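Heads up, the thing below is written out as structure tokens.
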Amino acid sequence: MISQLSLKDMMARLIGAPSISSFDPALDMGNRAVIDMLAEWLEGMGYQIEIQELPNHSNKANLIATLGTGDNGLVLAGHTDTVPYDEHGWQSDPFRLTEADGRYYGLGTSDMKSFLALAIDAARGLQSADLQRPLTLLATADEESTMDGAKLLGTRGKPLGRYCVIGEPTNMKPVRQHKGIFMEAIRLQGQSGHSSDPSLGNNALEGMQLVIEELLAYRTQMQARYCNEAFVIPVPTLNLGHIHGGDNPNRICADCELHYDLRPLPGMDIADLRNEIRERVSMVTRQRGLLCEFKSLFEGIPAMETAADSKIVTLTESLSGHGSETVAFGTEGPYLNEMGTETVIMGPGDIAQAHQPDEYLALDRIQPTVDLLKSLIKNICVDNKT
């Protein structure tokens with residue numbers, strides 16, 4: 001029974017249930033053990049349980065657990081998956097909650113299984129009759145890879161609530177904006193030939209040089225056009241991250257491939273950016289007589305922006321004592337905003353710990369987080385002050 005589980009017990013059980021998501025099928029796991037555990041706990045607390053299975057993945061699902069009835073409530077959200085881990089880099093078992101040096105160590109302590117336990121603990125003892133607006137606890141799948149869990153939420157056809165806090169690691173400082181990201185491959189095919197006579201072939205590597213020049217020119221123009229001083233890096237970035245072409249120095253290069261990523265600011269549309277780049281690159285390669293193929297390596301996460309005067313922004317600023325900030329990493333926030341749920345990113349972990357060996361959550365973050373979440377629930381769901 002949930003009443004018999006301490007907060008530490010809940011955290012330990014969540015950390016102890018492996019739920020890695022990865023683009024590598026050899027590393028990818030399901031998350032149903034975590035979802036079913038959370039569902040059992042929350043059903044025992046009186047929540048209405050809805051489990052959304054991801055299409056074609058019977059071992060992956062979202063959990064939507066709601067206490068109370070009505071609309072315009074509060075959502076406390078977190079993803080149940082973790083990244084893979086380097087077993088040789090850990091000093092302790094990544095799937096065992098280990099207390100040492102004023103910290104809880106374990107895979108997912110900071111990013112971000114612990115937040116789900118903290119949210120449950122903050123709502124412990126509440127009954128449906130206590131609430132004027134519903135409280136929803138959301139646990140999603142595959143945030144660390146495809147974002148398929150967050151994308152699936154949109155098929156419900158209605159928002160989960162009016163306000164949402166996603167407990168990604170921000171040191172309990174509210175975040176209302178983050179950049180987006182997408183990744184793309186450009187493949188050029190030319191004609192091989194003996195390097196002693198350039199006329200025998202069409203060098204794809206030389207063609208890629210022109211493509212790179214075009215991409216860098218586009219980046220300069222894009223950064224002159226878009227700027228948001230709220231970000232540490234106030235302009236969108238385009239990074240050339242990988243290139244490979246040819247097979248031998250004495251052969252004209254017949255094929256070349258380049259990988260890049262682009263991180264747009266709020267207000268920049270990923271589809272438009274991808275199309276602009278493809279049109280410009282295609283023009284260059286046509287002039288060069290090269291075949292060009294584009295492949296999306298990562299469809300992307302949209303940039304996020306919640307209005308500065310949104311109630312959830314001003315309320316979390318007031319309760320945390322911090323003004324809202326920006327981050328460079330992506331979250332599920334834009335998908336919830338698109339559904340009409342005003343969203344803030346705010347959790348007790350530190351992004352410096354995420355995706356690292358010996359990931360940890362400092363013990364002195366735990367009680368302040370529970371207290372803040374209790375205040376948030378009371379303000380929105382119990383007292384209905386929003």
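Each chain in the structure tokens gets a letter, A, B and so on, in the order shown; residues start at 1 in every chain, and ligands are counted from 1 in the order they appear.
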
Strand (DSSP E) residues, from DSSP on the backbone, in segment 267-345 of chain A, as a VMD selection string
chain A and resid 291 to 301 304 to 305 325 to 327 342 to 345

Set the distance at 7 Å and use only C-alpha atoms: which residues neighbour Met339 of chain A once local chain neighbours fewer than 4 positions away are removed? I'd like the list as an MDAnalysis selection string.
chainID A and resid 154 158:159 335

What would the file look like if the residues just selected were written as an mmCIF file, in the first residue's frame with C-alpha atoms?
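File written: out39.cif
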```cif
data_model
loop_
_atom_site.group_PDB
_atom_site.id
_atom_site.type_symbol
_atom_site.label_atom_id
_atom_site.label_comp_id
_atom_site.auth_asym_id
_atom_site.auth_seq_id
_atom_site.Cartn_x
_atom_site.Cartn_y
_atom_site.Cartn_z
ATOM 1 C CA GLY A 154 -2.065 15.274 -28.330
ATOM 2 C CA LYS A 158 -8.175 18.020 -24.935
ATOM 3 C CA PRO A 159 -5.635 19.500 -22.518
ATOM 4 C CA TYR A 335 3.899 19.552 -26.709
#
```

Atom CA of Arg278 of chain A to atom CA of Phe294 of chain A, straight-line distance in Å:
7.6 Å

Nearest to Lys151 of chain A, chosen from A:Glu299, A:Asp111, A:Glu342, A:Asp364, with only C-alpha atoms counted in the distances:
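Nearest to Lys151 of chain A: A:Glu299.
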
Per residue of segment 254-290 of chain A within 7 Å of segment 199-217 of chain A, which atom pair is closest and at what distance in Å (one decimal), using only C-alpha atoms, listed by chain and increasing number, as a tab-separated table?
```
residue	atom	partner	partner_atom	distance
A:Ala254	CA	A:Ala204	CA	5.5
A:Asp255	CA	A:Ala204	CA	5.2
A:Cys256	CA	A:Leu205	CA	5.6
A:Val281	CA	A:Val211	CA	5.9
A:Val284	CA	A:Val211	CA	6.6
A:Thr285	CA	A:Gly207	CA	6.8
A:Arg288	CA	A:Gly207	CA	6.7
```

Can you pull out every residue within 7 Å of segment 123-128 of chain A, counting only C-alpha atoms, but drop anything in the same chain fewer than 5 positions away, and send it as a PyMOL selection string?
chain A and resi 67-68+374

Long-range neighbours of segment 312-322 of chain A as number ranges by chain, 9 Å cut-off, only C-alpha atoms, 3 positions minimum in chain:
A: 163-165, 172-176, 306-309, 325, 342-344, 346, 372, 375-376, 379, 386

Using only C-alpha atoms, please write the residues we just selected to a file, as a PDB file, in the first residue's frame.
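That gives us again_38.pdb:
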```pdb
ATOM      1  CA  TYR A 163      -1.247  24.593 -15.853  1.00  0.00           C
ATOM      2  CA  CYS A 164       1.688  22.199 -15.823  1.00  0.00           C
ATOM      3  CA  VAL A 165       5.030  21.881 -14.078  1.00  0.00           C
ATOM      4  CA  MET A 172      13.933  24.457  -8.676  1.00  0.00           C
ATOM      5  CA  LYS A 173      14.142  27.629 -10.751  1.00  0.00           C
ATOM      6  CA  PRO A 174      11.206  28.102 -13.131  1.00  0.00           C
ATOM      7  CA  VAL A 175      12.016  27.946 -16.845  1.00  0.00           C
ATOM      8  CA  ARG A 176       9.566  29.336 -19.386  1.00  0.00           C
ATOM      9  CA  THR A 306       5.267  30.269 -22.125  1.00  0.00           C
ATOM     10  CA  ALA A 307       4.138  33.863 -21.721  1.00  0.00           C
ATOM     11  CA  ALA A 308       5.924  35.812 -19.002  1.00  0.00           C
ATOM     12  CA  ASP A 309       2.583  36.914 -17.531  1.00  0.00           C
ATOM     13  CA  GLU A 325      14.938  31.555 -16.809  1.00  0.00           C
ATOM     14  CA  GLU A 342       0.531  26.594 -19.859  1.00  0.00           C
ATOM     15  CA  THR A 343       3.796  24.960 -18.879  1.00  0.00           C
ATOM     16  CA  VAL A 344       6.838  25.700 -16.744  1.00  0.00           C
ATOM     17  CA  MET A 346      11.019  23.258 -12.748  1.00  0.00           C
ATOM     18  CA  LEU A 372       6.841  24.092  -2.936  1.00  0.00           C
ATOM     19  CA  SER A 375       1.948  25.173  -2.019  1.00  0.00           C
ATOM     20  CA  LEU A 376       1.391  24.935  -5.759  1.00  0.00           C
ATOM     21  CA  ASN A 379      -2.996  27.475  -4.568  1.00  0.00           C
ATOM     22  CA  THR A 386      -5.885  31.259 -10.246  1.00  0.00           C
TER      23      THR A 386
END
```

For Glu40 of chain A, find every residue with an atom within 12 Å (counting only C-alpha atoms), except residues of its own chain fewer than 4 positions away, and show them as number ranges by chain.
A: 1-3, 10, 32-36, 44-51, 63, 65

With only C-alpha atoms as the counted atoms, please give the residues lying no more than 8 Å from Glu332 of chain A, apart from itself and same-chain residues fewer than 3 positions off, as a list in words.
Glu143, Met147, Ala150, Ile166, Tyr335 and Leu336 of chain A

Have a look at atom CA of Pro134 of chain A and atom CA of Ile377 of chain A and let me know their distance in Å, one decimal.
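Atom-to-atom, atom CA of Pro134 of chain A to atom CA of Ile377 of chain A, that is 9.4 Å.
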
Just the residues within 12 Å of Asn56 of chain A, please, counting only C-alpha atoms, with nothing from its chain fewer than 4 positions along; format it as number ranges by chain.
A: 30, 52, 60-61, 148

Output N, CA and C atoms of each residue in that selection to a file, as a short mmCIF file (atom, residue, chain, number, x, y, z; two decimals), in the first residue's frame.
```
data_model
loop_
_atom_site.label_atom_id
_atom_site.label_comp_id
_atom_site.auth_asym_id
_atom_site.auth_seq_id
_atom_site.Cartn_x
_atom_site.Cartn_y
_atom_site.Cartn_z
N GLY A 30 11.50 -1.06 -22.34
CA GLY A 30 10.18 -0.54 -22.06
C GLY A 30 10.14 0.16 -20.72
N GLN A 52 -2.00 5.05 -21.48
CA GLN A 52 -1.91 5.18 -22.94
C GLN A 52 -0.75 4.35 -23.45
N LYS A 60 5.60 -0.03 -23.67
CA LYS A 60 5.80 1.39 -23.40
C LYS A 60 4.45 2.09 -23.29
N ALA A 61 4.34 3.01 -22.33
CA ALA A 61 3.06 3.68 -22.11
C ALA A 61 3.24 4.98 -21.34
N ASP A 148 7.93 10.16 -28.32
CA ASP A 148 6.65 9.58 -28.74
C ASP A 148 5.59 9.63 -27.65
#
```

Of the candidates A:His88, A:Arg263, A:Arg103, A:Lys295, which shows the shortest atom-to-atom distance to Ala362 of chain A, using only C-alpha atoms?
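Selected residue with least distance to Ala362 of chain A: A:Arg103.
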
Tell me, which residues of segment 41-221 of chain A carry DSSP alpha helix (DSSP H), written as an MDAnalysis selection string?
chainID A and resid 41:44 113:122 148:153 204:221

Can you work out which one of A:Leu240, A:Ile380, A:Val232, A:Leu138 has the shortest atom-to-atom distance to Leu42 of chain A, counting only C-alpha atoms?
A:Leu138

Which is closest to Gly106 of chain A among A:Gly157, A:Gly167, A:Gly300, A:Pro357, if we use only C-alpha atoms?
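Checking each candidate against Gly106 of chain A, we get A:Pro357 as the closest.
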
What does the distance between atom CA of Gly289 of chain A and atom CA of Glu184 of chain A come to in Å, to one decimal place?
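Calculated distance between atom CA of Gly289 of chain A and atom CA of Glu184 of chain A is 21.6 Å.
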
Could you check the closest approach to Leu258 of chain A for each of A:Leu118, A:Met183, A:Ile270, A:Ile64 and tell me which residue wins, using only C-alpha atoms?
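Nearest to Leu258 of chain A: A:Met183.
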